Every structure is written in C-alpha cells, then in structure tokens.
Amino acid sequence: MSAADAIVTLRRVSYRFGADVVLEEIDLDLAEGDRLALLGPNGGGKSTLVRLVLGLLRPASGTLDRRRGLRLGYVPQFPAFDRQFPVRLEEMILQGRLRDRRRSRPLGGNDPHERQLMEALVERLDLGALRRAYLTELSGGELKRALVARALIAEPDLLILDEPTAALDEPSRRAFWQLIAALPERTAIVLATHDLDPETFLPKRAELVDRRLEPVEIGSLHTHPLVCGHGHG
Amino acid sequence: MLFDALAAALGVAPAALAAALLASLLCGFVGTVVVLRRLVALGGGIAHAAFGGVGLALVLGFDPRAGAAGVAVLAAAALSPLRRERLARQDAAIGVLWAVGMAAGMLLLSRSANSDLQVEAILFGDLAQVRVQDLVLLSGFVVAMIATLLFFGRELIATAFDDEHAQLQGLPVGRLSFVLLLIVALSVVALLSLVGIVLAIALLAIPPLVALRLFRSLPAIVAGGCGIGLLLTVGGLAVAVRMAMPAGPTIILLGGVVLGLVHVLPQRAVRAPR
C-alpha cells in the first residue's frame, strides 16, 4: 500500500475500559478500495476497534491517523439514538448528508443529487412506503435498513459495517449485499462480524480480533471456525 | 391597550402576564430540548445547584440571578463532555448535585441578613413581584435563546438526536452539547423569578410533554409547547389571583392536571394524524 492510498493508520494502539485492556498494540492500515473483515468472538474488541477507527473513542496509547476530510459511513450494531425522537425516516436518512448540507446549503434547501440518492436508496432497501413514518413506527429490520441508507447516502470513502445484517430477513440481506457490491471500487469497506458469509462478502483480507489482531488467510476462510456454517457446531 | 385589557380581564398585573407570555416561549423552544434530550433530571439538578449560587451572591452582596447563572454555567460546562446516553444515566451525580446545591444555598442564606424574606420567593417564585427591569432582561434572554436555537437548529437537532452520528459528520459535538446545556441551564435560571427553583424545571418540561402526546412533528411539538405553556401560565396565574393562592405552585399543579388528562385519554383520540 502506498502512503497516498492510506486513509486510516493505527500504530501500537491500545484501548482500556477501566483496568481492563480491551485492545492491545494494534497495528492496522486501511487504504482506498480495501475490503477488510474483522472476525472474532463477542467481546473480542471488534466494535471497540471500529469505534476507534471512526474516532468515536480515543486510544489509551499509540497513534491513530485519519486522512483529512475522510467521508465516513457507519452502520452500527445498535443505534445510539432514542427512537422516541420525533424524526421521520427520510429526515433521519438525510442526516447522512449533514456535512455537505452545512457546507453547500447553510440555510437549507434541496439538492437534486441528494434527492436522487435518496430515491435510489429507499427503493433498493424497500423503504419507499415508510419515508414519512416516524422511527417509533418502524420494525427492527426497517430501522436497520434505514441505518444502512443513512450510511450509504453519505457516499463514504470508508464504510464501516458492524454486524449489519443481524436484524434483517433474507430478502433484505440480499438487497443489502447487492448495494454493497455496487459501491465504487475505491470505497474502503470494513465488516465487523462474528459470522462471515464469504458468499455475500468476500474480503481482500481478514483479521481475527481478540484483544490483539491476528491475520487470517483468505484461502482458509471457508474452513475458519468464525465463518458462516462453521461457527455454530 | 389590548394587553392591559386582557390583564385586567384576567385580574392579573400586566407585568406578570408579560412574564407568563415570555416563559411560555421558553417552554416551547427550550422545554422541547429538555424533554427530547432527556435532560429533565439534569435541569432540576442544575436549578437546585443554582440555589447555592443564589446564597453565595446574597452573602457577597451581588445580584442573586448572577450567582445562579454562574453556578448554572459551571454545571453545564462540567456536564457537556458526557455523551447523551451517559448523561441520562448520571442519576447519582445529579442527585448529589441537587442536594449539595440546596444545602450550600440554605447554609449561605442563613448567613444573609434578609434570608427569611428571600427563601420562599427563591424556592417557589413570585410573579407578583416581577418588575419592568426583570421583563426587559427576560425578553432579551428569550430572544437570544430562541435565535440561537433557530440559527443552529439543524446541528442542534442532529446532536440531540444522535450525537455519535453527528460527530462522524464532522459536527463540533462537544461545543454543541455545551450550547444545549447552557441554554437549558440559563433558561432554568430565567424562570426562577417566576416559579422558583423547585418548580422551574417542571414549567419547562410539562408543556412539551403534553405537546408530545398531541403532536408528532418537531415544529408542531415546539409550537404546541409554546401554546400549552401560555395556557398553563396565564390560566394558573388567573386562578391564583382569583383564589388568593401563590402563582408558581398553581401553574405547576394545573400543568400536572393537564398532563395527567392527556395521558389518561387514549393517544389515538388526542394525537394529530401523520
């Protein structure tokens, strides 16, 4: 990887929660077009690593650099917001464009490109009929699809997916992975999961996260205990 | 003048009516923030901590409102680094802030020369004592708070809704959280002269809580909060004057009754359609 391609670099990054060491001495490089799977057991530190990369947590030690102006898309495992908040589904999705709206339209208004992205996403994710619905009216799966739409409408340079299909039924899963497959080649994707299905997302590389990082051979993914069909025996 | 005629018809002083009108604007705009961001307990904690500031100001011989505002700003600054979900879970810290503020205020007031006269007005407010200079100050404050909320509306809504995602979008979440808490803290202080420390947070919270049962969209909840705040403050004031009761507690009790009523009625019967 050339330095010009690097979008996120972690060097000897550790993170502690109180006295517990959650992650220790992590070295990780993310580049444009990366396809990285973070595998590992529950509690191994996948979500913490993801939140460090996103800048939502600060390392206890080590250095973490992100390219300036990096556009981030994030589908969290659990939403951090209050569903009682009076926000309509389409307003929530458009919050994924907040950065652009502040820059180009500080006083508000519509952007045709934004509307076009919105139309395509709600159609692909089967959310068209729910655009005016409030979040309290959505099922768990519909809310998850809305989170996916909010992440993708940002046209991210780096898309981070933390157990993104956990609440989705089979047709929604298929639609989701089709959307991911259609993303531009240069978009870096990090998938954190304890249950990878290489039929739907084949990473270029994989790391096992269990306090430390350990590379997993892509060739051995099909037989790895944390890959779909092998982890539940 | 229509305003004076309305005040005369209700049997209340024009200054008290004007204060009630201004307070209702805070109910709609700031109260909605308080309720949606789940800052009711925190706002109560700040209000009671501000009592310590009042006591300090009286002992040192300056304006008690400045003392209350100073403590409120400090509390807002100390709490703003906490994320929304952690803020809502700080019940022990809020409880301590609440009690320590009251204890400090009572001790300091016991050292003040005219403590007996002051304590009841500070705790429960005294709308009858609102002066023109109080109104001028309150008007300026209300305009400034509403202007700030409208100017930063998009950013403040995004932060209040999902501060984690707002941070990913490059918003200065720490500063915006401080602005939100500061607005809440100062609004509580602004309402002290009307309903006092004990009741200020209830006056901010009850109208939007009623509005949330009746309306679904954010603009409707804010406007509804203003309207319900107006009905409660003016209605409570009129009842208090007629029945020779203290205004602050009457307003809050009326609010409690209305809130109870909208919760007893089935939501489909009272809420506007989508």
# chains A, B, ... in the order shown; residues from 1 in each chain; ligands from 1
$ interface_residues --of "chain A" --to "chain B" --cutoff "6 Å" --atoms "only C-alpha atoms" --output "number ranges by chain"
A: 81, 86, 99
$ write_last_selection --atoms "N, CA and C atoms" --output "compact mmCIF listing (two decimals), in the first residue's frame"
# COMPACT_ATOMS: atom_id res chain seq x y z
N PHE A 81 -29.36 6.24 19.02
CA PHE A 81 -30.34 7.30 19.23
C PHE A 81 -31.59 6.78 19.94
N PRO A 86 -38.84 12.77 17.63
CA PRO A 86 -39.79 12.95 16.52
C PRO A 86 -39.11 13.25 15.18
N ARG A 99 -22.87 16.87 6.56
CA ARG A 99 -21.60 17.54 6.26
C ARG A 99 -21.73 18.39 4.99
$ select_by_dssp --residues "segment 71-145 of chain A" --states "strand (DSSP E or B)" --output "ChimeraX atom specification"
/A:72-75,88,134
$ residues_around --residues "segment 88-97 of chain A" --least-positions-apart "5" --cutoff "7 Å" --atoms "only C-alpha atoms" --output "VMD selection string"
chain A and resid 130 to 135 146 149 to 151 153 to 154
$ atom_distance --atom1 "atom CA of Tyr74 of chain A" --atom2 "atom CA of Leu161 of chain A"
6.0 Å
$ residues_around --residues "Ala240 of chain B" --least-positions-apart "6" --cutoff "7 Å" --atoms "only C-alpha atoms" --output "list of chain:residue names"
B:Pro246, B:Ala247, B:Thr250
$ write_last_selection --atoms "C-alpha atoms" --output "PDB file, in the first residue's frame"
ATOM      1  CA  PRO B 246     -49.323  31.510  45.184  1.00  0.00           C
ATOM      2  CA  ALA B 247     -48.925  31.663  41.388  1.00  0.00           C
ATOM      3  CA  THR B 250     -50.818  26.901  40.972  1.00  0.00           C
TER       4      THR B 250
END
$ closest_atom_pairs --of "segment 64-182 of chain A" --to "segment 18-35 of chain A" --cutoff "10 Å" --atoms "only C-alpha atoms" --output "tab-separated table"
residue	atom	partner	partner_atom	distance
A:Leu64	CA	A:Leu28	CA	9.3
A:Asp65	CA	A:Asp29	CA	9.7
A:Arg66	CA	A:Leu30	CA	9.4
A:Asp157	CA	A:Glu32	CA	7.3
A:Leu158	CA	A:Glu32	CA	7.9
A:Leu159	CA	A:Arg35	CA	9.7
$ atom_distance --atom1 "atom CA of Ala103 of chain B" --atom2 "atom CA of Ile122 of chain B"
14.1 Å
$ closest_residue --among "B:Val257, B:Asp91, B:Leu149, B:Ala211" --to "Ile183 of chain B" --atoms "only C-alpha atoms"
B:Leu149
$ residues_around --residues "Leu49 of chain A" --least-positions-apart "4" --cutoff "9 Å" --atoms "only C-alpha atoms" --output "PyMOL selection string"
chain A and resi 15+23+26+45+53-54+57+209
$ closest_residue --among "A:Asp162, A:Asp5, A:Glu207, A:Asp197" --to "Arg67 of chain A" --atoms "only C-alpha atoms"
A:Asp5
$ select_by_dssp --residues "chain A" --states "helix (DSSP H, G or I)" --output "count of residues only"
75
$ residues_around --residues "segment 5-11 of chain B" --least-positions-apart "5" --cutoff "10 Å" --atoms "only C-alpha atoms" --output "PyMOL selection string"
chain B and resi 16-18+234-235+237-242
$ write_last_selection --atoms "N, CA and C atoms" --output "PDB file, in the first residue's frame"
ATOM      1  N   ALA B  16     -46.918  40.658  35.191  1.00  0.00           N
ATOM      2  CA  ALA B  16     -46.965  39.206  35.428  1.00  0.00           C
ATOM      3  C   ALA B  16     -47.449  38.480  34.175  1.00  0.00           C
ATOM      4  N   LEU B  17     -48.418  39.085  33.485  1.00  0.00           N
ATOM      5  CA  LEU B  17     -48.924  38.477  32.249  1.00  0.00           C
ATOM      6  C   LEU B  17     -47.828  38.437  31.179  1.00  0.00           C
ATOM      7  N   ALA B  18     -47.069  39.536  31.082  1.00  0.00           N
ATOM      8  CA  ALA B  18     -45.975  39.589  30.099  1.00  0.00           C
ATOM      9  C   ALA B  18     -44.921  38.535  30.425  1.00  0.00           C
ATOM     10  N   VAL B 234     -50.794  31.523  32.009  1.00  0.00           N
ATOM     11  CA  VAL B 234     -51.830  32.557  32.135  1.00  0.00           C
ATOM     12  C   VAL B 234     -53.018  32.016  32.932  1.00  0.00           C
ATOM     13  N   GLY B 235     -53.406  30.767  32.617  1.00  0.00           N
ATOM     14  CA  GLY B 235     -54.522  30.153  33.347  1.00  0.00           C
ATOM     15  C   GLY B 235     -54.200  30.004  34.827  1.00  0.00           C
ATOM     16  N   LEU B 237     -52.037  31.652  36.556  1.00  0.00           N
ATOM     17  CA  LEU B 237     -51.929  32.992  37.142  1.00  0.00           C
ATOM     18  C   LEU B 237     -53.319  33.535  37.500  1.00  0.00           C
ATOM     19  N   ALA B 238     -54.250  33.380  36.557  1.00  0.00           N
ATOM     20  CA  ALA B 238     -55.616  33.892  36.781  1.00  0.00           C
ATOM     21  C   ALA B 238     -56.284  33.167  37.947  1.00  0.00           C
ATOM     22  N   VAL B 239     -56.119  31.842  37.986  1.00  0.00           N
ATOM     23  CA  VAL B 239     -56.705  31.061  39.086  1.00  0.00           C
ATOM     24  C   VAL B 239     -56.091  31.496  40.411  1.00  0.00           C
ATOM     25  N   ALA B 240     -54.765  31.663  40.413  1.00  0.00           N
ATOM     26  CA  ALA B 240     -54.062  32.027  41.647  1.00  0.00           C
ATOM     27  C   ALA B 240     -54.549  33.369  42.187  1.00  0.00           C
ATOM     28  N   VAL B 241     -54.726  34.338  41.269  1.00  0.00           N
ATOM     29  CA  VAL B 241     -55.182  35.666  41.698  1.00  0.00           C
ATOM     30  C   VAL B 241     -56.592  35.581  42.274  1.00  0.00           C
ATOM     31  N   ARG B 242     -57.462  34.864  41.552  1.00  0.00           N
ATOM     32  CA  ARG B 242     -58.866  34.774  41.987  1.00  0.00           C
ATOM     33  C   ARG B 242     -59.004  34.058  43.331  1.00  0.00           C
TER      34      ARG B 242
END
